[in-house]
Structure formats: C-alpha cells, structure tokens
Amino acid sequence: MNYLFDNHINVARNFKEEGNKLKALQFYKKAYNLLEGKKDIELLLDMALLYHELEQLDLAEEKYREVIEIDNEEARAYYGLGTLYDEDGFFDEAKEYYSKAIMLNNSYDKAYFFLANIYDEEENKEEAIKLYKKVLEINENDLWANANLACIMEELNRLEESETYNKKALSINPNHYRILFNMGVVQKRLGNIERAEQYYRKSIENNKNYPYSYLNLGVIYREKGNYKKAIQIITEGIINNENEGFLYYNRACFYALIGEKEK
C-alpha cells in the first residue's frame, strides 16, 4: 500500500512540474483516497497549494484546515490560510494567520513579508518597515523586501535610506525596470538629474511597456526647457503604450508650451 501511495505522489508531482495541474490533482486525489493519504501533511499541503493555483479557494482552505486538525502547530498551514484571506481582501483575518505562522516559526520570512505588505497598504508604514527589516534579517538578498523598503523610505522623505535599499535591490537584480524606475525617482529628488535620466533610460531599455518611465524622463526635459526632446520621449512612450491616456495629455501640454496649439 505504501508503494502505491508513494507512486501516486510521485506521478502527481511530475505532472505538476510539467505544468499539467489537472492531471497532478487527479493523482493527488488518488493518494488522498488511500488510508494514509488523509493523515499525510505534505500531501495535504501540496493539494492545498494546487487548489489555490487552480483558484479553488474553498478547497484549498479545507485542506489547510485538515492539516491543522492533524497538527495545530504546523506554521505552513496558517501561512497558507493567510494567503487565501489576503487574496480575498480579508486583511484582518490574514494578519491573524500570518502572525500565527510567525509565532510558530519566527524565521518564516514569507509570513513577515506578506504581513508587511498589508501594513504598508493600511498606511502603517512604521510597522511595515519593522517587518520588512525582519525579512532582511532572515534573508538580506530578498529582492522585494529591499525594493519595498526603498519605496516606503521615499514616501517618508528618507531619501538616503531609500537610495541604500534601492542599491541593494539593484545589486540583486540590476535590470528590473520597476526598481530602476524607483531609483530614478529617488535620484531626481536628491537633485541628481543626470543619474535620474540614466535610471529612467535603463528602465525603458528593460521594459518599453512601462509608461511612467517615459513620463518622468519627459518631465525632466520639460523642466530643462527642452520641450521638443520631452515631446519626442513622450511620443516614444505612446508608440509603446498606446492606451495610456496620461501620456497623450502630457504631450498635449508640452505642445501647448511651445505654441503648437493644433497639435
């Protein structure tokens, strides 16, 4: 019987690695229907994750709660419940489950991370900062903990700290367009205009479909009085992002500044 159970699990995991989630679920269910299946925590967690990926959230929750019935100190099950409630917008419940996961495993970096996200969204920036820093104590190379801290610090006008966290994020992934954009924002606010330009251009190189990089770069040239260059940059942005109305609006403003009212 153990051989059959193990075989079903292995087949399911192979199908999942191949991207065939429905076939994987079929074999997970076969394993679950065996006697040992209903008491196997790893199987139940695998099933819960797969149900979540398939957007069958009620079934995912059911499996996480089955895990807790077997072991009420299984941190991964509480974290999983947190992700479900977080995704559905029930943030108070999500915070409770993330906190429970952390209480059971104080090195659970993902639980700290998503708990920080909620506090950030709720404008409790200091609590978010504390939690993101806890993530970095566990894993200093967490890309998004560094990047998100950089954004919060910029919002709080703590620009040197924002620059530091952005630098760390870029040392982890030097070509991520959002982080390059964020660094451009910080450099502009620090008065480093040429460096801001460089970061915006590099952001555009890495993702031509992020319209805000064109906007901010265009604004730099507008502030320099180089309206034609500003228009050129915004036009390039429109070519690559034709449905972004604010780019058309800003280009119209730039044309107005040089007296080309028809345009």
# chains A, B, ... in the order shown; residues from 1 in each chain; ligands from 1
$ residues_around --residues "Glu36 of chain A" --least-positions-apart "6" --cutoff "12 Å" --atoms "only C-alpha atoms" --output "ChimeraX atom specification"
/A:1-6,9,30,42-44
$ write_last_selection --atoms "C-alpha atoms" --output "compact mmCIF listing (two decimals), in the first residue's frame"
# COMPACT_ATOMS: atom_id res chain seq x y z
CA MET A 1 0.00 0.00 0.00
CA ASN A 2 2.86 2.43 0.80
CA TYR A 3 4.30 1.78 -2.65
CA LEU A 4 1.00 2.72 -4.31
CA PHE A 5 0.69 5.87 -2.17
CA ASP A 6 4.25 6.96 -2.95
CA ILE A 9 2.50 11.25 -5.10
CA LYS A 30 -5.85 9.04 -5.67
CA GLU A 42 2.90 17.02 2.97
CA LEU A 43 0.22 15.65 0.65
CA LEU A 44 -2.44 17.90 2.16
$ select_by_dssp --residues "segment 16-263 of chain A" --states "helix (DSSP H, G or I)" --output "PyMOL selection string"
chain A and resi 16-17+21-32+35-39+41-53+57-70+75-87+91-104+109-121+125-138+143-155+159-172+177-189+193-206+211-224+227-240+245-257
$ residues_around --residues "Asp46 of chain A" --least-positions-apart "3" --cutoff "12 Å" --atoms "only C-alpha atoms" --output "PyMOL selection string"
chain A and resi 9-10+12-13+16+21+24-25+27-29+31-32+37+40-43+49-53+60+63-64+67+76-77+80
$ write_last_selection --atoms "N, CA and C atoms" --output "PDB file, in the first residue's frame"
ATOM      1  N   ILE A   9       1.904   9.945  -5.447  1.00  0.00           N
ATOM      2  CA  ILE A   9       2.503  11.245  -5.105  1.00  0.00           C
ATOM      3  C   ILE A   9       3.554  11.633  -6.141  1.00  0.00           C
ATOM      4  N   ASN A  10       4.416  10.694  -6.486  1.00  0.00           N
ATOM      5  CA  ASN A  10       5.490  10.993  -7.442  1.00  0.00           C
ATOM      6  C   ASN A  10       4.937  11.336  -8.821  1.00  0.00           C
ATOM      7  N   ALA A  12       1.973  12.590  -9.435  1.00  0.00           N
ATOM      8  CA  ALA A  12       1.326  13.904  -9.311  1.00  0.00           C
ATOM      9  C   ALA A  12       2.364  15.024  -9.390  1.00  0.00           C
ATOM     10  N   ARG A  13       3.466  14.855  -8.676  1.00  0.00           N
ATOM     11  CA  ARG A  13       4.491  15.915  -8.665  1.00  0.00           C
ATOM     12  C   ARG A  13       5.159  16.050 -10.031  1.00  0.00           C
ATOM     13  N   LYS A  16       2.828  18.035 -12.126  1.00  0.00           N
ATOM     14  CA  LYS A  16       2.828  19.443 -11.715  1.00  0.00           C
ATOM     15  C   LYS A  16       4.059  20.163 -12.262  1.00  0.00           C
ATOM     16  N   LYS A  21      -1.589  20.692 -14.306  1.00  0.00           N
ATOM     17  CA  LYS A  21      -2.112  20.774 -12.941  1.00  0.00           C
ATOM     18  C   LYS A  21      -3.316  19.858 -12.716  1.00  0.00           C
ATOM     19  N   ALA A  24      -2.111  16.383 -12.274  1.00  0.00           N
ATOM     20  CA  ALA A  24      -1.474  16.311 -10.954  1.00  0.00           C
ATOM     21  C   ALA A  24      -2.537  16.152  -9.870  1.00  0.00           C
ATOM     22  N   LEU A  25      -3.581  16.954  -9.964  1.00  0.00           N
ATOM     23  CA  LEU A  25      -4.651  16.884  -8.962  1.00  0.00           C
ATOM     24  C   LEU A  25      -5.312  15.508  -8.965  1.00  0.00           C
ATOM     25  N   PHE A  27      -3.973  12.635  -9.525  1.00  0.00           N
ATOM     26  CA  PHE A  27      -3.159  11.650  -8.806  1.00  0.00           C
ATOM     27  C   PHE A  27      -3.012  12.001  -7.333  1.00  0.00           C
ATOM     28  N   TYR A  28      -3.029  13.296  -6.996  1.00  0.00           N
ATOM     29  CA  TYR A  28      -3.061  13.664  -5.579  1.00  0.00           C
ATOM     30  C   TYR A  28      -4.330  13.114  -4.924  1.00  0.00           C
ATOM     31  N   LYS A  29      -5.451  13.207  -5.633  1.00  0.00           N
ATOM     32  CA  LYS A  29      -6.708  12.695  -5.088  1.00  0.00           C
ATOM     33  C   LYS A  29      -6.648  11.185  -4.888  1.00  0.00           C
ATOM     34  N   ALA A  31      -3.990   9.469  -4.182  1.00  0.00           N
ATOM     35  CA  ALA A  31      -3.191   9.261  -2.969  1.00  0.00           C
ATOM     36  C   ALA A  31      -4.004   9.599  -1.723  1.00  0.00           C
ATOM     37  N   TYR A  32      -4.768  10.670  -1.795  1.00  0.00           N
ATOM     38  CA  TYR A  32      -5.578  11.116  -0.650  1.00  0.00           C
ATOM     39  C   TYR A  32      -6.626  10.068  -0.278  1.00  0.00           C
ATOM     40  N   GLY A  37      -3.399   8.690   3.127  1.00  0.00           N
ATOM     41  CA  GLY A  37      -3.475   9.985   2.470  1.00  0.00           C
ATOM     42  C   GLY A  37      -4.085  11.077   3.317  1.00  0.00           C
ATOM     43  N   ASP A  40      -1.500  12.536   5.835  1.00  0.00           N
ATOM     44  CA  ASP A  40      -0.169  12.919   5.350  1.00  0.00           C
ATOM     45  C   ASP A  40      -0.124  14.434   5.128  1.00  0.00           C
ATOM     46  N   ILE A  41       0.587  15.124   6.003  1.00  0.00           N
ATOM     47  CA  ILE A  41       0.595  16.586   5.980  1.00  0.00           C
ATOM     48  C   ILE A  41       1.190  17.129   4.688  1.00  0.00           C
ATOM     49  N   GLU A  42       2.264  16.518   4.190  1.00  0.00           N
ATOM     50  CA  GLU A  42       2.897  17.020   2.969  1.00  0.00           C
ATOM     51  C   GLU A  42       1.946  16.903   1.774  1.00  0.00           C
ATOM     52  N   LEU A  43       1.202  15.807   1.716  1.00  0.00           N
ATOM     53  CA  LEU A  43       0.215  15.653   0.648  1.00  0.00           C
ATOM     54  C   LEU A  43      -0.870  16.715   0.761  1.00  0.00           C
ATOM     55  N   LEU A  49      -1.996  23.892  -2.001  1.00  0.00           N
ATOM     56  CA  LEU A  49      -1.306  24.811  -2.913  1.00  0.00           C
ATOM     57  C   LEU A  49      -1.840  24.688  -4.334  1.00  0.00           C
ATOM     58  N   LEU A  50      -2.078  23.450  -4.744  1.00  0.00           N
ATOM     59  CA  LEU A  50      -2.572  23.233  -6.105  1.00  0.00           C
ATOM     60  C   LEU A  50      -3.997  23.766  -6.265  1.00  0.00           C
ATOM     61  N   TYR A  51      -4.844  23.538  -5.273  1.00  0.00           N
ATOM     62  CA  TYR A  51      -6.195  24.102  -5.329  1.00  0.00           C
ATOM     63  C   TYR A  51      -6.127  25.631  -5.407  1.00  0.00           C
ATOM     64  N   HIS A  52      -5.193  26.218  -4.657  1.00  0.00           N
ATOM     65  CA  HIS A  52      -5.030  27.678  -4.702  1.00  0.00           C
ATOM     66  C   HIS A  52      -4.640  28.123  -6.111  1.00  0.00           C
ATOM     67  N   GLU A  53      -3.689  27.431  -6.714  1.00  0.00           N
ATOM     68  CA  GLU A  53      -3.254  27.771  -8.068  1.00  0.00           C
ATOM     69  C   GLU A  53      -4.397  27.635  -9.073  1.00  0.00           C
ATOM     70  N   ALA A  60      -8.894  24.720  -1.144  1.00  0.00           N
ATOM     71  CA  ALA A  60      -7.566  24.976  -0.570  1.00  0.00           C
ATOM     72  C   ALA A  60      -7.687  25.195   0.934  1.00  0.00           C
ATOM     73  N   LYS A  63      -8.245  21.985   2.869  1.00  0.00           N
ATOM     74  CA  LYS A  63      -7.051  21.156   3.055  1.00  0.00           C
ATOM     75  C   LYS A  63      -6.127  21.749   4.128  1.00  0.00           C
ATOM     76  N   TYR A  64      -5.987  23.087   4.138  1.00  0.00           N
ATOM     77  CA  TYR A  64      -5.167  23.696   5.192  1.00  0.00           C
ATOM     78  C   TYR A  64      -5.752  23.392   6.570  1.00  0.00           C
ATOM     79  N   VAL A  67      -4.911  19.995   7.726  1.00  0.00           N
ATOM     80  CA  VAL A  67      -3.547  19.941   8.268  1.00  0.00           C
ATOM     81  C   VAL A  67      -3.545  20.369   9.724  1.00  0.00           C
ATOM     82  N   ARG A  76       3.044  26.277   8.251  1.00  0.00           N
ATOM     83  CA  ARG A  76       2.767  26.427   6.819  1.00  0.00           C
ATOM     84  C   ARG A  76       1.271  26.475   6.533  1.00  0.00           C
ATOM     85  N   ALA A  77       0.485  25.766   7.335  1.00  0.00           N
ATOM     86  CA  ALA A  77      -0.964  25.773   7.127  1.00  0.00           C
ATOM     87  C   ALA A  77      -1.551  27.141   7.477  1.00  0.00           C
ATOM     88  N   GLY A  80      -0.604  29.498   4.755  1.00  0.00           N
ATOM     89  CA  GLY A  80      -1.448  29.256   3.588  1.00  0.00           C
ATOM     90  C   GLY A  80      -2.819  29.882   3.748  1.00  0.00           C
TER      91      GLY A  80
END
$ closest_residue --among "A:Glu126, A:Glu223, A:Glu244, A:Glu197" --to "Leu257 of chain A" --atoms "only C-alpha atoms"
A:Glu223
$ residues_around --residues "Ile68 of chain A" --least-positions-apart "6" --cutoff "9 Å" --atoms "only C-alpha atoms" --output "number ranges by chain"
A: 74-75, 77-78
$ residues_around --residues "Lys100 of chain A" --least-positions-apart "2" --cutoff "10 Å" --atoms "only C-alpha atoms" --output "ChimeraX atom specification"
/A:73-79,82,94-98,102-106,111
$ closest_residue --among "A:Ile70, A:Ile238, A:Ile118, A:Ile179" --to "Phe90 of chain A" --atoms "only C-alpha atoms"
A:Ile118
$ closest_residue --among "A:Leu131, A:Met47, A:Leu247, A:Lys39" --to "Asp71 of chain A" --atoms "only C-alpha atoms"
A:Lys39
$ atom_distance --atom1 "atom CA of Tyr199 of chain A" --atom2 "atom CA of Asn243 of chain A"
24.0 Å
$ atom_distance --atom1 "atom CA of Leu59 of chain A" --atom2 "atom CA of Lys23 of chain A"
16.8 Å
$ residues_around --residues "segment 153-164 of chain A" --least-positions-apart "4" --cutoff "12 Å" --atoms "only C-alpha atoms" --output "ChimeraX atom specification"
/A:120,123-126,128-129,132,146-149,168-171,179-180,182-192,196
$ atom_distance --atom1 "atom CA of Ile258 of chain A" --atom2 "atom CA of Lys228 of chain A"
8.5 Å
$ closest_residue --among "A:Gly259, A:Glu17, A:Lys167, A:Pro211" --to "Ala150 of chain A" --atoms "only C-alpha atoms"
A:Lys167
$ closest_residue --among "A:Tyr165, A:Asn72, A:Glu87, A:Glu140" --to "Glu55 of chain A" --atoms "only C-alpha atoms"
A:Glu87
$ residues_around --residues "Lys134 of chain A" --least-positions-apart "5" --cutoff "9 Å" --atoms "only C-alpha atoms" --output "list in words"
Ser107, Asp109, Tyr112, Phe113, Ile129 and Asn139 of chain A
